[in-house]
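Student: After the structure tokens below, expect a handful of questions from me.
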Amino acid sequence: MVMNLIHKTVKKINRLGDFTILFFELLKNTVCFRMKLNHVLQQIKFLGNNSMAIIIVSGLFVGLVLGLQGYYTLRRYGSEEALGLLVCLSLVRELGPVVASLLFSGRAGTSLTAEIGLMRAGEQFSALEAMGVNPVVRILTPRFVGGVISVPILCALFSAVGVLGGWLIAVVMIGVDPGAFWGQMSSGVDFYEDVLNGITKSCIFGVAITQIALYMGNSAKPTPEGVSSATTSCVVISAFSILGLDFILTAFMFNN
Amino acid sequence: MNDNLTKFSVGVFLLFGLMSILFLSLKASNLVGSSYADGYRLVAFFDNVGGLKPRAAVRSSGVLVGRVEKIEFDDEIYQAKVFLRVDRDMKFPIDSSIKVLTAGLLGENYLGIMPGAETEYFVDSDEIELTQSAVILENIISQFLYNFQEKQE
Amino acid sequence: MYQTDKVSITNLTFSYQGKPIIDNFNLSIQKGTVVAIMGGSGVGKTTLLRLISGLKKPTKGKVSVMGSDLTNISNEKLLEIRKKIGFLFQFGALFTDLSCFENVAFPAREHLNLPNGLLNDLVLLKLESVGLRGAADLMPSEISGGMARRVALARATVLDPDLILYDEPFAGLDPISLGITANLIRKLNDSLRATSIIVTHDVPETFAIADKVILLASRPSGAEIICEGTPSDIKKTDNDEVQQFIKGKLQGPVKFHYPAKEIKDFLRDG
């Protein structure tokens, strides 16, 4: 029984090593620009553009709910004027990067994993190798760059739409004073400490979840069960990583 | 044709992203907002600045007239040295006083200038002599306890 | 011997997850010939093909292709050799997100720098040689399995390779497609003056086009060559295992039943 546990642990550590090796290879390819612009653009369209719908709708609803909940809570202390500040800070610091990344990993991450897994199963990777084309450069690197570029943009989009959603419910529907809403927000939200930190978080999340999706697909067993379990693992591990990294980054960044 | 469509949609996507970031930076945060960089500089010394931060507001009669530029500790006279910038168009008499005040329940500190009565006005690099430090909760409590004890005796 | 050898394998050993699949294997394939490697399922034919193409590395031994030792080679040299090898995978392995035209054009786009008009002509000519010029704009999901394999063949030969490897090219094809494919393999080999290695277990079609047949059988220590020669030589041999294979006999050295308890004892004891 103990041998089994040790065996499993060794396997997990091997996987971690594999993961890191792939990561550095992708990083090296990215930095040396070993990819065609066309392929990257295609991937940005596939990963970013096609996720816009879900991000915008979710962002809007999160903003609406924040506005509503925030209003009821702040009203108790007579601080409704701080609603704009509350909505914006919550979104920019936390909800934007975290929720948008979770949604991205669920929508785009899983499709990446499934696509790569199925390509492997259909021997497309071997075919590329046999033709003298490096599949990591041709297939994985454009997807990596596409994901890393798309995620921060989607997070910013989420936060912006969320703020508008908060404004919609607070000012337009409930009747909070727009001057106070925007005024308190713009004076209370610090560009360097809040917005920039949020953007940094989303960049780091982007790298993590794209890498996880690509690795899961690349190492999936070439069977239907293999691909399906890899897709599930992708979402689960991405979620853990996002939340874990979020905690570490928050502790590191917001400690004034 | 397909290629061009891809390039266009990616362009639109990036544009949306850029607009979001600009919106968050300019409208929703304090990046742009009269920086008073061309205002005149004043200095004030405080025993305790409390939670006053750089870029905090400087108000007079509640109206924003400037921003705190820098806060340092002067280790020769052992006081806090606050540099502030005031709007060029605002003139304050040289006997004006400055206080550290608290805004609302959430407790952000800002500086309030109470104008004096002299006919001479501050110029760049002048020092505001009359200052009042921030109200520190612990000091009030200990003072209250002290007074309470005294009354008891 | 070495000048006329396209592929030369010496003392090749390969194991997968502890099981020896190929052990101390020796093989040489002459230039310009169509050679068939046959044997039962799971004997290691596909593994052999992958070792020849460099997709897998052997544990021990030497694989020499077109004069270069694949086990001890730089990445650039490997790339150069790969450009001269065409590999046809079992179900085609076409890129599902590209059209048939784009699939065939792929190797040419990656390795050559042709002007668009010339590339267009080259790809359409290759598709014409497999009879699918009319299907150039269809996607792989829109064509049948047999057609997909022909497109893959066009893709494998677009750079006029010197060595073409086929992994079970006849598996799952209808009789007409079988005939067409076999014909194409022979014609292409001769017109390109190439060497072809076919891994298959389809006896009649293969015997009709192969110059030499190598029959493998599974042994506990790995695959072993039990017979090699021209198709007519093989048909005349009196080796039981060979005869069972080529005639498809039920009885012979290869057993029908997977090892288990005797049926009489099983029914009695349960």
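Chain identifiers are assigned as A, B, and so on, following the order in which chains appear in the structure tokens; residues are numbered from 1 within each chain, and ligands are numbered from 1 in order of appearance.
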Identify every residue of chain A that has at least one atom within 6 Å of any atom of chain B, counting only C-alpha atoms, and report the result as a CSV table (one decimal) with N, CA and C atoms, in the first residue's frame.

Tutor:
```
chain,number,residue,atom,x,y,z
A,45,LYS,N,-8.3,35.0,-32.1
A,45,LYS,CA,-9.7,35.0,-32.5
A,45,LYS,C,-10.4,33.9,-31.8
A,49,ASN,N,-11.7,36.4,-29.0
A,49,ASN,CA,-13.0,36.9,-29.6
A,49,ASN,C,-14.2,36.0,-29.2
A,153,ILE,N,-6.9,40.9,-21.5
A,153,ILE,CA,-7.8,41.7,-22.2
A,153,ILE,C,-9.2,41.4,-21.8
A,156,ALA,N,-9.9,42.7,-18.3
A,156,ALA,CA,-10.1,44.2,-18.3
A,156,ALA,C,-11.5,44.4,-18.8
A,157,LEU,N,-11.9,43.7,-19.8
A,157,LEU,CA,-13.3,43.8,-20.4
A,157,LEU,C,-14.3,43.5,-19.3
A,160,ALA,N,-14.5,46.4,-16.7
A,160,ALA,CA,-15.1,47.6,-17.3
A,160,ALA,C,-16.6,47.4,-17.4
A,185,MET,N,-15.4,57.0,-6.8
A,185,MET,CA,-14.6,55.9,-7.5
A,185,MET,C,-13.3,56.4,-8.0
A,186,SER,N,-13.4,57.5,-8.7
A,186,SER,CA,-12.1,57.9,-9.4
A,186,SER,C,-11.1,58.5,-8.3
A,187,SER,N,-11.6,59.0,-7.2
A,187,SER,CA,-10.6,59.4,-6.3
A,187,SER,C,-10.1,58.3,-5.4
A,189,VAL,N,-10.0,54.9,-6.3
A,189,VAL,CA,-9.3,53.8,-7.0
A,189,VAL,C,-8.0,54.2,-7.5
A,190,ASP,N,-6.9,53.7,-6.9
A,190,ASP,CA,-5.6,54.1,-7.3
A,190,ASP,C,-5.1,53.3,-8.6
A,191,PHE,N,-4.7,54.0,-9.6
A,191,PHE,CA,-4.3,53.4,-10.8
A,191,PHE,C,-3.1,52.4,-10.5
```

Student: Can you list, as a PyMOL selection string, every protein, DNA or RNA residue that comes within 12 Å of Arg15 in chain A when you count only C-alpha atoms, leaving out same-chain residues fewer than 4 positions away?

Tutor: chain A and resi 8-11+19-22+212+215-216+218-220

Student: DSSP on the backbone, alpha helix (DSSP H) only: what residues of range 111-158 of chain C does that give? Format it as a PyMOL selection string.

Tutor: chain C and resi 111+116-129+145-157

Student: Find the residues near Val123 in chain C: any atom within 6 Å, counting only C-alpha atoms, skip ones fewer than 3 places away on the same chain, and give them as a list in words.

Tutor: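 Here the qualifying residues turn out to be Ala105, Asn120 and Lys126 of chain C.
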
Student: Write a file of the just-selected residues containing C-alpha atoms, as a PDB file, in the first residue's frame.

Tutor:
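To be explicit, this is the file written out as selection.pdb:
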```pdb
ATOM      1  CA  ALA C 105       0.219  21.968 -49.617  1.00  0.00           C
ATOM      2  CA  ASN C 120      -0.967  25.697 -56.624  1.00  0.00           C
ATOM      3  CA  LYS C 126      -0.315  15.631 -56.781  1.00  0.00           C
TER       4      LYS C 126
END
```

Student: If the cut-off is 9 Å, can you tell me the residues of chain C near chain A, counting only C-alpha atoms? I'd like them as an MDAnalysis selection string.

Tutor: chainID C and resid 53:55 78:96 107 110:111 156
